[in-house]
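Data from start-v9.cif: mmCIF, C-alpha atoms
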```cif
data_coords
loop_
_atom_site.group_PDB
_atom_site.id
_atom_site.type_symbol
_atom_site.label_atom_id
_atom_site.label_comp_id
_atom_site.auth_asym_id
_atom_site.auth_seq_id
_atom_site.Cartn_x
_atom_site.Cartn_y
_atom_site.Cartn_z
ATOM 1 C CA MET B 1 164.826 -45.339 -100.721
ATOM 2 C CA VAL B 2 163.179 -46.702 -97.598
ATOM 3 C CA HIS B 3 165.124 -46.362 -94.399
ATOM 4 C CA TRP B 4 164.986 -49.142 -91.827
ATOM 5 C CA THR B 5 166.212 -48.624 -88.285
ATOM 6 C CA ALA B 6 168.166 -51.374 -86.582
ATOM 7 C CA GLU B 7 165.171 -51.949 -84.329
ATOM 8 C CA GLU B 8 162.824 -52.356 -87.291
ATOM 9 C CA LYS B 9 165.167 -54.831 -88.974
ATOM 10 C CA GLN B 10 165.341 -56.767 -85.714
ATOM 11 C CA LEU B 11 161.559 -56.844 -85.364
ATOM 12 C CA ILE B 12 161.215 -58.094 -88.930
ATOM 13 C CA THR B 13 163.862 -60.811 -88.833
ATOM 14 C CA SER B 14 162.942 -62.069 -85.370
ATOM 15 C CA VAL B 15 159.318 -62.575 -86.415
ATOM 16 C CA TRP B 16 160.229 -64.004 -89.804
ATOM 17 C CA GLY B 17 162.619 -66.476 -88.225
ATOM 18 C CA LYS B 18 159.702 -68.107 -86.425
ATOM 19 C CA VAL B 19 157.290 -68.145 -89.373
ATOM 20 C CA ASN B 20 156.413 -71.391 -91.120
ATOM 21 C CA VAL B 21 156.330 -69.986 -94.642
ATOM 22 C CA GLU B 22 154.192 -72.767 -96.091
ATOM 23 C CA GLU B 23 151.530 -72.690 -93.342
ATOM 24 C CA CYS B 24 151.469 -68.946 -93.013
ATOM 25 C CA GLY B 25 151.368 -68.384 -96.769
ATOM 26 C CA ALA B 26 148.551 -70.876 -97.225
ATOM 27 C CA GLU B 27 146.566 -69.321 -94.400
ATOM 28 C CA ALA B 28 147.078 -65.766 -95.606
ATOM 29 C CA LEU B 29 146.014 -66.533 -99.168
ATOM 30 C CA ALA B 30 143.025 -68.602 -98.022
ATOM 31 C CA ARG B 31 141.853 -65.794 -95.760
ATOM 32 C CA LEU B 32 142.277 -63.263 -98.580
ATOM 33 C CA LEU B 33 140.022 -65.360 -100.816
ATOM 34 C CA ILE B 34 137.492 -65.891 -98.020
ATOM 35 C CA VAL B 35 137.361 -62.427 -96.464
ATOM 36 C CA TYR B 36 137.531 -60.580 -99.810
ATOM 37 C CA PRO B 37 135.841 -63.034 -102.181
ATOM 38 C CA TRP B 38 136.238 -60.768 -105.194
ATOM 39 C CA THR B 39 139.953 -61.603 -105.090
ATOM 40 C CA GLN B 40 139.001 -65.050 -106.354
ATOM 41 C CA ARG B 41 138.751 -63.461 -109.786
ATOM 42 C CA PHE B 42 142.441 -64.110 -110.338
ATOM 43 C CA PHE B 43 142.197 -67.811 -109.625
ATOM 44 C CA ASP B 44 139.652 -69.262 -112.059
ATOM 45 C CA ASN B 45 141.905 -72.253 -112.663
ATOM 46 C CA PHE B 46 142.262 -73.144 -108.987
ATOM 47 C CA GLY B 47 139.282 -75.480 -108.943
ATOM 48 C CA ASN B 48 136.948 -75.564 -105.971
ATOM 49 C CA LEU B 49 136.741 -72.200 -104.178
ATOM 50 C CA SER B 50 133.052 -72.550 -103.397
ATOM 51 C CA SER B 51 133.250 -72.364 -99.598
ATOM 52 C CA PRO B 52 135.698 -71.437 -96.844
ATOM 53 C CA THR B 53 136.293 -75.147 -96.208
ATOM 54 C CA ALA B 54 136.967 -75.762 -99.895
ATOM 55 C CA ILE B 55 139.340 -72.812 -100.048
ATOM 56 C CA VAL B 56 141.284 -73.795 -96.931
ATOM 57 C CA GLY B 57 141.647 -77.369 -98.210
ATOM 58 C CA ASN B 58 142.459 -76.445 -101.790
ATOM 59 C CA PRO B 59 145.971 -77.672 -102.651
ATOM 60 C CA LYS B 60 146.482 -74.976 -105.306
ATOM 61 C CA VAL B 61 145.697 -72.310 -102.728
ATOM 62 C CA ARG B 62 148.230 -73.841 -100.365
ATOM 63 C CA ALA B 63 150.899 -74.050 -103.036
ATOM 64 C CA HIS B 64 150.331 -70.529 -104.259
ATOM 65 C CA GLY B 65 150.243 -69.158 -100.737
ATOM 66 C CA LYS B 66 153.624 -70.726 -100.118
ATOM 67 C CA LYS B 67 154.966 -69.227 -103.358
ATOM 68 C CA VAL B 68 153.746 -65.755 -102.455
ATOM 69 C CA LEU B 69 155.132 -65.827 -98.949
ATOM 70 C CA THR B 70 158.460 -67.269 -100.104
ATOM 71 C CA SER B 71 158.740 -64.251 -102.355
ATOM 72 C CA PHE B 72 157.998 -62.081 -99.348
ATOM 73 C CA GLY B 73 161.014 -63.695 -97.740
ATOM 74 C CA ASP B 74 163.113 -62.371 -100.626
ATOM 75 C CA ALA B 75 161.986 -58.886 -99.701
ATOM 76 C CA ILE B 76 163.136 -59.440 -96.150
ATOM 77 C CA LYS B 77 166.561 -60.552 -97.382
ATOM 78 C CA ASN B 78 166.784 -57.414 -99.515
ATOM 79 C CA LEU B 79 165.256 -54.728 -97.358
ATOM 80 C CA ASP B 80 167.663 -52.129 -98.675
ATOM 81 C CA ASN B 81 166.993 -52.903 -102.302
ATOM 82 C CA LEU B 82 163.301 -53.697 -102.635
ATOM 83 C CA LYS B 83 162.726 -51.777 -105.864
ATOM 84 C CA ALA B 84 165.257 -53.857 -107.778
ATOM 85 C CA THR B 85 164.230 -57.083 -106.052
ATOM 86 C CA TYR B 86 160.615 -56.707 -107.160
ATOM 87 C CA ALA B 87 161.065 -54.986 -110.551
ATOM 88 C CA LYS B 88 160.391 -58.085 -112.648
ATOM 89 C CA LEU B 89 157.567 -59.288 -110.402
ATOM 90 C CA SER B 90 155.979 -55.868 -110.679
ATOM 91 C CA GLU B 91 156.039 -56.016 -114.461
ATOM 92 C CA LEU B 92 154.603 -59.512 -114.339
ATOM 93 C CA HIS B 93 151.703 -58.508 -112.081
ATOM 94 C CA CYS B 94 150.878 -55.589 -114.373
ATOM 95 C CA ASP B 95 151.473 -56.940 -117.856
ATOM 96 C CA LYS B 96 150.611 -60.607 -117.509
ATOM 97 C CA LEU B 97 148.562 -61.068 -114.352
ATOM 98 C CA HIS B 98 146.650 -57.746 -114.472
ATOM 99 C CA VAL B 99 146.330 -57.542 -110.695
ATOM 100 C CA ASP B 100 145.059 -54.285 -109.196
ATOM 101 C CA PRO B 101 147.732 -53.198 -106.670
ATOM 102 C CA GLU B 102 144.986 -52.704 -104.098
ATOM 103 C CA ASN B 103 145.109 -56.479 -103.753
ATOM 104 C CA PHE B 104 148.703 -56.269 -102.474
ATOM 105 C CA ARG B 105 147.498 -54.001 -99.682
ATOM 106 C CA LEU B 106 144.653 -56.349 -98.831
ATOM 107 C CA LEU B 107 147.014 -59.330 -98.667
ATOM 108 C CA GLY B 108 149.486 -57.368 -96.559
ATOM 109 C CA ASP B 109 146.818 -56.595 -93.958
ATOM 110 C CA ILE B 110 145.635 -60.186 -93.929
ATOM 111 C CA LEU B 111 149.225 -61.336 -93.371
ATOM 112 C CA ILE B 112 149.426 -59.066 -90.352
ATOM 113 C CA ILE B 113 146.274 -60.566 -88.881
ATOM 114 C CA VAL B 114 147.681 -64.075 -89.442
ATOM 115 C CA LEU B 115 150.906 -63.061 -87.689
ATOM 116 C CA ALA B 116 148.921 -61.591 -84.791
ATOM 117 C CA ALA B 117 146.942 -64.824 -84.455
ATOM 118 C CA HIS B 118 150.174 -66.781 -84.469
ATOM 119 C CA PHE B 119 152.282 -64.664 -82.131
ATOM 120 C CA GLY B 120 149.617 -63.276 -79.801
ATOM 121 C CA LYS B 121 150.845 -60.555 -77.515
ATOM 122 C CA ASP B 122 154.411 -61.022 -78.789
ATOM 123 C CA PHE B 123 153.115 -59.254 -81.886
ATOM 124 C CA THR B 124 153.344 -55.966 -80.026
ATOM 125 C CA PRO B 125 152.101 -52.619 -81.350
ATOM 126 C CA ALA B 126 155.717 -51.741 -82.255
ATOM 127 C CA CYS B 127 156.035 -55.045 -84.079
ATOM 128 C CA GLN B 128 152.778 -54.441 -85.922
ATOM 129 C CA ALA B 129 153.897 -50.927 -86.869
ATOM 130 C CA THR B 130 157.114 -52.270 -88.400
ATOM 131 C CA TRP B 131 155.283 -54.963 -90.299
ATOM 132 C CA GLN B 132 152.655 -52.488 -91.537
ATOM 133 C CA LYS B 133 155.572 -50.477 -92.909
ATOM 134 C CA LEU B 134 157.050 -53.608 -94.516
ATOM 135 C CA VAL B 135 153.835 -54.757 -96.201
ATOM 136 C CA GLY B 136 153.249 -51.189 -97.386
ATOM 137 C CA VAL B 137 156.701 -50.979 -98.884
ATOM 138 C CA VAL B 138 156.366 -54.401 -100.556
ATOM 139 C CA ALA B 139 152.985 -53.406 -102.007
ATOM 140 C CA HIS B 140 154.514 -50.192 -103.289
ATOM 141 C CA ALA B 141 157.475 -52.007 -104.877
ATOM 142 C CA LEU B 142 155.123 -54.457 -106.563
ATOM 143 C CA ALA B 143 153.044 -51.603 -107.956
ATOM 144 C CA ARG B 144 156.013 -49.555 -109.086
ATOM 145 C CA LYS B 145 156.297 -50.810 -112.653
ATOM 146 C CA TYR B 146 152.613 -50.459 -113.423
ATOM 147 C CA HIS B 147 151.680 -48.397 -116.413
ATOM 148 C CA MET F 1 127.579 -55.226 -98.631
ATOM 149 C CA VAL F 2 124.979 -56.968 -96.495
ATOM 150 C CA LEU F 3 125.376 -58.814 -93.217
ATOM 151 C CA THR F 4 123.922 -62.288 -93.623
ATOM 152 C CA ALA F 5 122.272 -64.187 -90.793
ATOM 153 C CA ASN F 6 125.490 -66.173 -90.565
ATOM 154 C CA ASP F 7 127.584 -63.006 -90.278
ATOM 155 C CA LYS F 8 125.358 -61.702 -87.496
ATOM 156 C CA ALA F 9 125.613 -64.984 -85.610
ATOM 157 C CA ASN F 10 129.417 -65.030 -85.993
ATOM 158 C CA VAL F 11 129.747 -61.454 -84.775
ATOM 159 C CA LYS F 12 127.476 -62.006 -81.772
ATOM 160 C CA ALA F 13 129.403 -65.136 -80.864
ATOM 161 C CA ILE F 14 132.823 -63.543 -81.026
ATOM 162 C CA PHE F 15 131.668 -60.548 -79.010
ATOM 163 C CA CYS F 16 130.263 -62.948 -76.460
ATOM 164 C CA LYS F 17 133.697 -64.482 -76.235
ATOM 165 C CA ILE F 18 135.356 -61.086 -75.963
ATOM 166 C CA GLY F 19 132.849 -60.296 -73.212
ATOM 167 C CA PRO F 20 134.271 -58.228 -70.352
ATOM 168 C CA HIS F 21 137.532 -57.625 -72.240
ATOM 169 C CA ALA F 22 135.875 -55.342 -74.780
ATOM 170 C CA ASP F 23 137.155 -52.218 -73.014
ATOM 171 C CA GLU F 24 140.760 -53.476 -73.056
ATOM 172 C CA TYR F 25 140.427 -54.476 -76.686
ATOM 173 C CA GLY F 26 139.199 -50.988 -77.512
ATOM 174 C CA ALA F 27 142.173 -49.412 -75.769
ATOM 175 C CA GLU F 28 144.641 -51.803 -77.362
ATOM 176 C CA ALA F 29 143.152 -51.203 -80.811
ATOM 177 C CA LEU F 30 143.685 -47.479 -80.341
ATOM 178 C CA ASP F 31 147.230 -48.039 -79.077
ATOM 179 C CA ARG F 32 147.989 -50.116 -82.178
ATOM 180 C CA LEU F 33 146.282 -47.525 -84.397
ATOM 181 C CA PHE F 34 148.405 -44.657 -83.076
ATOM 182 C CA THR F 35 151.610 -46.726 -83.209
ATOM 183 C CA ALA F 36 151.156 -48.294 -86.651
ATOM 184 C CA PHE F 37 149.360 -45.382 -88.325
ATOM 185 C CA PRO F 38 150.758 -42.172 -86.817
ATOM 186 C CA THR F 39 148.578 -39.954 -89.036
ATOM 187 C CA THR F 40 145.620 -41.027 -86.889
ATOM 188 C CA LYS F 41 147.136 -39.151 -83.950
ATOM 189 C CA THR F 42 146.226 -35.883 -85.669
ATOM 190 C CA TYR F 43 142.689 -36.337 -84.382
ATOM 191 C CA PHE F 44 143.862 -36.408 -80.773
ATOM 192 C CA PRO F 45 146.137 -33.412 -80.204
ATOM 193 C CA HIS F 46 144.409 -32.926 -76.864
ATOM 194 C CA PHE F 47 145.262 -36.431 -75.653
ATOM 195 C CA ASP F 48 148.250 -37.841 -73.877
ATOM 196 C CA LEU F 49 149.077 -40.692 -76.241
ATOM 197 C CA CYS F 50 151.864 -42.272 -74.210
ATOM 198 C CA LYS F 51 151.650 -45.954 -73.365
ATOM 199 C CA GLY F 52 149.102 -46.622 -70.630
ATOM 200 C CA SER F 53 147.429 -43.261 -71.090
ATOM 201 C CA ALA F 54 144.247 -42.950 -69.042
ATOM 202 C CA GLN F 55 142.689 -40.907 -71.832
ATOM 203 C CA VAL F 56 143.370 -43.638 -74.402
ATOM 204 C CA LYS F 57 141.955 -46.239 -72.019
ATOM 205 C CA ALA F 58 138.816 -44.151 -71.523
ATOM 206 C CA HIS F 59 138.439 -43.587 -75.221
ATOM 207 C CA GLY F 60 138.998 -47.261 -75.940
ATOM 208 C CA LYS F 61 136.120 -47.981 -73.568
ATOM 209 C CA LYS F 62 133.882 -45.604 -75.547
ATOM 210 C CA VAL F 63 134.849 -47.231 -78.839
ATOM 211 C CA ALA F 64 134.193 -50.697 -77.422
ATOM 212 C CA ALA F 65 130.831 -49.615 -76.020
ATOM 213 C CA ALA F 66 129.783 -48.343 -79.428
ATOM 214 C CA LEU F 67 130.781 -51.619 -81.067
ATOM 215 C CA VAL F 68 128.885 -53.607 -78.439
ATOM 216 C CA GLU F 69 125.844 -51.391 -78.971
ATOM 217 C CA ALA F 70 126.069 -52.071 -82.699
ATOM 218 C CA VAL F 71 126.291 -55.825 -82.033
ATOM 219 C CA ASN F 72 123.266 -55.666 -79.735
ATOM 220 C CA HIS F 73 121.295 -53.920 -82.470
ATOM 221 C CA ILE F 74 122.909 -55.655 -85.374
ATOM 222 C CA ASP F 75 119.687 -55.572 -87.398
ATOM 223 C CA ASP F 76 119.686 -51.795 -87.253
ATOM 224 C CA ILE F 77 123.231 -50.503 -86.809
ATOM 225 C CA ALA F 78 122.300 -47.179 -88.420
ATOM 226 C CA GLY F 79 119.561 -46.651 -85.864
ATOM 227 C CA ALA F 80 121.711 -47.702 -82.932
ATOM 228 C CA LEU F 81 124.614 -45.431 -83.911
ATOM 229 C CA SER F 82 122.570 -42.546 -85.302
ATOM 230 C CA LYS F 83 123.731 -40.034 -82.698
ATOM 231 C CA LEU F 84 127.368 -41.124 -83.115
ATOM 232 C CA SER F 85 126.935 -40.772 -86.839
ATOM 233 C CA ASP F 86 125.706 -37.182 -86.379
ATOM 234 C CA LEU F 87 128.638 -36.447 -84.093
ATOM 235 C CA HIS F 88 131.187 -37.707 -86.594
ATOM 236 C CA ALA F 89 129.553 -35.833 -89.479
ATOM 237 C CA GLN F 90 129.051 -32.507 -87.783
ATOM 238 C CA LYS F 91 131.774 -32.233 -85.213
ATOM 239 C CA LEU F 92 134.533 -34.837 -85.440
ATOM 240 C CA ARG F 93 134.740 -35.225 -89.232
ATOM 241 C CA VAL F 94 137.299 -37.994 -89.048
ATOM 242 C CA ASP F 95 138.357 -38.863 -92.586
ATOM 243 C CA PRO F 96 136.628 -42.082 -93.656
ATOM 244 C CA VAL F 97 139.913 -43.873 -94.354
ATOM 245 C CA ASN F 98 140.606 -43.969 -90.616
ATOM 246 C CA PHE F 99 137.633 -46.204 -89.820
ATOM 247 C CA LYS F 100 139.201 -48.884 -92.000
ATOM 248 C CA LEU F 101 142.462 -48.490 -90.108
ATOM 249 C CA LEU F 102 140.800 -48.777 -86.694
ATOM 250 C CA GLY F 103 138.716 -51.718 -87.879
ATOM 251 C CA HIS F 104 141.903 -53.449 -89.028
ATOM 252 C CA CYS F 105 143.596 -52.803 -85.681
ATOM 253 C CA PHE F 106 140.580 -54.167 -83.829
ATOM 254 C CA LEU F 107 140.836 -57.340 -85.919
ATOM 255 C CA VAL F 108 144.533 -57.579 -85.044
ATOM 256 C CA VAL F 109 143.665 -57.357 -81.335
ATOM 257 C CA VAL F 110 140.987 -60.035 -81.629
ATOM 258 C CA ALA F 111 143.425 -62.246 -83.565
ATOM 259 C CA ALA F 112 146.179 -61.774 -80.989
ATOM 260 C CA HIS F 113 143.908 -62.671 -78.056
ATOM 261 C CA ASN F 114 141.583 -65.252 -79.633
ATOM 262 C CA PRO F 115 143.394 -66.917 -82.513
ATOM 263 C CA ALA F 116 141.298 -70.089 -82.352
ATOM 264 C CA ALA F 117 138.016 -68.183 -82.371
ATOM 265 C CA LEU F 118 138.963 -66.010 -85.335
ATOM 266 C CA THR F 119 138.389 -68.654 -87.984
ATOM 267 C CA PRO F 120 138.414 -67.450 -91.601
ATOM 268 C CA GLU F 121 134.595 -67.350 -91.615
ATOM 269 C CA VAL F 122 134.412 -65.363 -88.390
ATOM 270 C CA HIS F 123 137.210 -63.103 -89.666
ATOM 271 C CA ALA F 124 135.156 -62.386 -92.786
ATOM 272 C CA SER F 125 131.997 -61.665 -90.778
ATOM 273 C CA LEU F 126 133.787 -59.432 -88.297
ATOM 274 C CA ASP F 127 135.520 -57.529 -91.092
ATOM 275 C CA LYS F 128 132.140 -56.958 -92.775
ATOM 276 C CA PHE F 129 130.613 -55.831 -89.484
ATOM 277 C CA LEU F 130 133.415 -53.343 -88.806
ATOM 278 C CA CYS F 131 133.046 -51.999 -92.375
ATOM 279 C CA ALA F 132 129.313 -51.615 -91.776
ATOM 280 C CA VAL F 133 129.971 -49.640 -88.582
ATOM 281 C CA GLY F 134 132.450 -47.406 -90.411
ATOM 282 C CA ASN F 135 129.933 -46.849 -93.194
ATOM 283 C CA VAL F 136 127.239 -45.845 -90.696
ATOM 284 C CA LEU F 137 129.556 -43.417 -88.926
ATOM 285 C CA THR F 138 130.452 -41.685 -92.204
ATOM 286 C CA ALA F 139 127.017 -41.978 -93.828
ATOM 287 C CA LYS F 140 125.981 -38.397 -93.112
ATOM 288 C CA TYR F 141 129.267 -36.776 -94.117
ATOM 289 C CA ARG F 142 127.839 -35.388 -97.346
#
```
Go through the file and emit its structure as C-alpha cells.
Amino acid sequence: MVHWTAEEKQLITSVWGKVNVEECGAEALARLLIVYPWTQRFFDNFGNLSSPTAIVGNPKVRAHGKKVLTSFGDAIKNLDNLKATYAKLSELHCDKLHVDPENFRLLGDILIIVLAAHFGKDFTPACQATWQKLVGVVAHALARKYH
Amino acid sequence: MVLTANDKANVKAIFCKIGPHADEYGAEALDRLFTAFPTTKTYFPHFDLCKGSAQVKAHGKKVAAALVEAVNHIDDIAGALSKLSDLHAQKLRVDPVNFKLLGHCFLVVVAAHNPAALTPEVHASLDKFLCAVGNVLTAKYR
C-alpha cells in the first residue's frame, strides 16, 4: 500500500482545489494527442484530429478530457485505497479498451506540465515530486488488473 | 523521429525567449530532477545537492549550454554534441532512461516560466528536440 505523508496529502489537495477539472482535463488530453500523436489510435471515433487546432477545438476531446480528469479526482479522494478505487477501470482499460499502460504514464507527465503552466513557480519542486508520485501510483493502479 | 522545419523554428523561438535565463532553467531542471526522481542523484555522489547548491547551479549552466549549442546547430545535433556523446558513452554512462526524466523536468521549467509560449505545438517540438538530444548522447553506448 502506498504511504502518503501529511505534507504530500496537503500538496495534492491544495493544488487540486484550484484546478478547473474541465479545462485542465481538456488541455491535458489535447496535449497528449498532439505531443504523442500515436495516442490518437484510441480515438478513431472522435472526428477531426488532423491538426493541433482541430484537436484543441474538438468537443469530444474536451468531454473525454473532463471525464478522465474527473476520475483522477476520485483517486485524490481515495488516496489510501487506490487499488480498489481503480480495479474496475483497470479491467476496462485492459479487456475492453486495450490501452497500453505506457499511455497512463505519458498522460501523467503531460498533466504535470499542464499544472506547471497553470501554477508557475507555485508548482515547486516538492509539489512536482508529490504529483509525480501520484501520477505514478494512479498509472500503476490502472495497470494492475492487466493480464 | 525527425525534426521538421516547423519543429526547428519552434525550438529556436522558444530558446530565444528563454534567452539569458537558460542557465537558471538548467539549474532548476536539475533541482526538480533530483527532487522528483531521487534515483538520479546516484550519478552525483560527489555533489552537494542541497537547495541552492553552487555545484548544481554550475552543472545546470553546463546542461543549458549544451542545449543551446544543440539549438544553434539544430541541423546537426549529432555533430554539435559529438564530444559530449563520447563522454557519456565512455565515462559517465548515465542510463538512457534518465535523459527522458531530465527532458521532462526541463519542459516543466519552461512551462512554469513561460506558460503562454509553450503552446501544444511548441510543447511537441520541444519534446521531440529534447528526445533527439537524449538519443545523440546515448547513441554511442553500444
Practice task
Would you give me, as a count of residues only, the residues of chain B that come within 12 Å of chain F, using only C-alpha atoms?
Solution key: 47
Practice task
Apply the PyMOL selection byres ((chain F and resi 139) around 10) to the displayed file and report the matching residues as a list in words.
Solution key: Ala78, Ser82, Ser85, Asp86, His88, Ala89, Pro96, Val133, Gly134, Asn135, Val136, Leu137, Thr138, Lys140, Tyr141 and Arg142 of chain F
Practice task
Check which residues satisfy the PyMOL selection byres ((chain B and resi 43) around 12) in the file shown, then give them as a VMD selection string.
Solution key: chain B and resid 29 to 30 32 to 33 37 to 42 44 to 49 55 58 60 to 61 64 97 99
Exercise for the section: Starting from the point (128.6, -58.3, -94.3), work out which residues of protein, DNA or RNA have an atom no more than 7 Å away when counting all atoms listed in the file; state them as a list of chain:residue names. Expected result: F:Met1, F:Val2, F:Leu3, F:Thr4, F:Asp7, F:Ser125, F:Lys128, F:Phe129
Practice task
Determine the residue set returned by the PyMOL selection byres ((chain F and resi 26) around 8) for the present structure, and present it as number ranges by chain.
Solution key: F: 22-25, 27-30, 57, 59-64, 106
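CA of His98 (chain B) sits 28.7 Å away from CA of Phe99 (chain F).
Taking CA of Asn6 (chain F) as the reference point, CA of Leu67 (chain F) is found at 18.2 Å.
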Handout entry: Nearest-residue call for Ala143 (chain B), choices B:Lys9, B:Lys18, B:Lys83, B:Lys66, using only C-alpha atoms
Key =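 Using only C-alpha atoms, the shortest distance to Ala143 (chain B) belongs to B:Lys83.
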Practice task
Would you please work out which residue, of F:Tyr43, F:Gln90, F:Asn72, F:Leu130, is nearest to Cys16 (chain F) when using all atoms listed in the file?
Solution key: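 Among the listed residues, F:Asn72 lies closest to Cys16 (chain F).
Atom pair CA of Glu102 (chain B) / CA of Phe44 (chain F) has a distance of 28.5 Å (rounded to one decimal).
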Please rebuild region 28-36 of chain F with all heavy atoms and return the result as an mmCIF file, in the coordinates of the input.
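For reference, part-v3.cif as written:
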```
data_model
loop_
_atom_site.group_PDB
_atom_site.id
_atom_site.type_symbol
_atom_site.label_atom_id
_atom_site.label_comp_id
_atom_site.auth_asym_id
_atom_site.auth_seq_id
_atom_site.Cartn_x
_atom_site.Cartn_y
_atom_site.Cartn_z
ATOM 1 N N GLU F 28 143.505 -51.240 -76.633
ATOM 2 C CA GLU F 28 144.641 -51.803 -77.362
ATOM 3 C C GLU F 28 144.549 -51.490 -78.859
ATOM 4 O O GLU F 28 145.556 -51.201 -79.506
ATOM 5 C CB GLU F 28 144.737 -53.325 -77.150
ATOM 6 C CG GLU F 28 146.008 -53.895 -77.773
ATOM 7 C CD GLU F 28 146.172 -55.394 -77.577
ATOM 8 O OE1 GLU F 28 145.654 -55.956 -76.592
ATOM 9 O OE2 GLU F 28 146.840 -56.012 -78.448
ATOM 10 N N ALA F 29 143.330 -51.523 -79.391
ATOM 11 C CA ALA F 29 143.152 -51.203 -80.811
ATOM 12 C C ALA F 29 143.612 -49.774 -81.084
ATOM 13 O O ALA F 29 144.284 -49.505 -82.088
ATOM 14 C CB ALA F 29 141.698 -51.388 -81.225
ATOM 15 N N LEU F 30 143.258 -48.875 -80.183
ATOM 16 C CA LEU F 30 143.685 -47.479 -80.341
ATOM 17 C C LEU F 30 145.210 -47.363 -80.229
ATOM 18 O O LEU F 30 145.844 -46.674 -81.018
ATOM 19 C CB LEU F 30 143.023 -46.592 -79.284
ATOM 20 C CG LEU F 30 141.543 -46.271 -79.513
ATOM 21 C CD1 LEU F 30 140.980 -45.480 -78.331
ATOM 22 C CD2 LEU F 30 141.349 -45.481 -80.802
ATOM 23 N N ASP F 31 145.774 -48.054 -79.261
ATOM 24 C CA ASP F 31 147.230 -48.039 -79.077
ATOM 25 C C ASP F 31 147.921 -48.497 -80.366
ATOM 26 O O ASP F 31 148.874 -47.870 -80.844
ATOM 27 C CB ASP F 31 147.585 -48.954 -77.894
ATOM 28 C CG ASP F 31 149.072 -48.908 -77.548
ATOM 29 O OD1 ASP F 31 149.713 -47.879 -77.851
ATOM 30 O OD2 ASP F 31 149.576 -49.888 -76.974
ATOM 31 N N ARG F 32 147.404 -49.594 -80.937
ATOM 32 C CA ARG F 32 147.989 -50.116 -82.178
ATOM 33 C C ARG F 32 147.768 -49.129 -83.319
ATOM 34 O O ARG F 32 148.639 -48.933 -84.171
ATOM 35 C CB ARG F 32 147.370 -51.477 -82.521
ATOM 36 C CG ARG F 32 147.872 -52.595 -81.601
ATOM 37 C CD ARG F 32 147.273 -53.936 -81.935
ATOM 38 N NE ARG F 32 147.773 -54.985 -81.054
ATOM 39 C CZ ARG F 32 148.913 -55.651 -81.242
ATOM 40 N NH1 ARG F 32 149.659 -55.408 -82.285
ATOM 41 N NH2 ARG F 32 149.298 -56.585 -80.376
ATOM 42 N N LEU F 33 146.594 -48.500 -83.350
ATOM 43 C CA LEU F 33 146.282 -47.525 -84.397
ATOM 44 C C LEU F 33 147.286 -46.380 -84.370
ATOM 45 O O LEU F 33 147.886 -46.038 -85.397
ATOM 46 C CB LEU F 33 144.866 -46.981 -84.184
ATOM 47 C CG LEU F 33 144.358 -45.985 -85.223
ATOM 48 C CD1 LEU F 33 144.032 -46.696 -86.528
ATOM 49 C CD2 LEU F 33 143.112 -45.247 -84.711
ATOM 50 N N PHE F 34 147.510 -45.815 -83.190
ATOM 51 C CA PHE F 34 148.405 -44.657 -83.076
ATOM 52 C C PHE F 34 149.855 -45.040 -83.360
ATOM 53 O O PHE F 34 150.620 -44.238 -83.889
ATOM 54 C CB PHE F 34 148.301 -44.029 -81.681
ATOM 55 C CG PHE F 34 146.936 -43.478 -81.358
ATOM 56 C CD1 PHE F 34 146.400 -43.620 -80.086
ATOM 57 C CD2 PHE F 34 146.182 -42.834 -82.324
ATOM 58 C CE1 PHE F 34 145.134 -43.122 -79.780
ATOM 59 C CE2 PHE F 34 144.916 -42.326 -82.032
ATOM 60 C CZ PHE F 34 144.399 -42.475 -80.762
ATOM 61 N N THR F 35 150.226 -46.283 -82.999
ATOM 62 C CA THR F 35 151.610 -46.726 -83.209
ATOM 63 C C THR F 35 151.864 -47.068 -84.675
ATOM 64 O O THR F 35 152.882 -46.674 -85.246
ATOM 65 C CB THR F 35 151.906 -47.967 -82.333
ATOM 66 O OG1 THR F 35 151.533 -47.693 -80.996
ATOM 67 C CG2 THR F 35 153.391 -48.314 -82.372
ATOM 68 N N ALA F 36 150.938 -47.821 -85.280
ATOM 69 C CA ALA F 36 151.156 -48.294 -86.651
ATOM 70 C C ALA F 36 150.790 -47.252 -87.693
ATOM 71 O O ALA F 36 151.339 -47.249 -88.796
ATOM 72 C CB ALA F 36 150.360 -49.569 -86.904
#
```
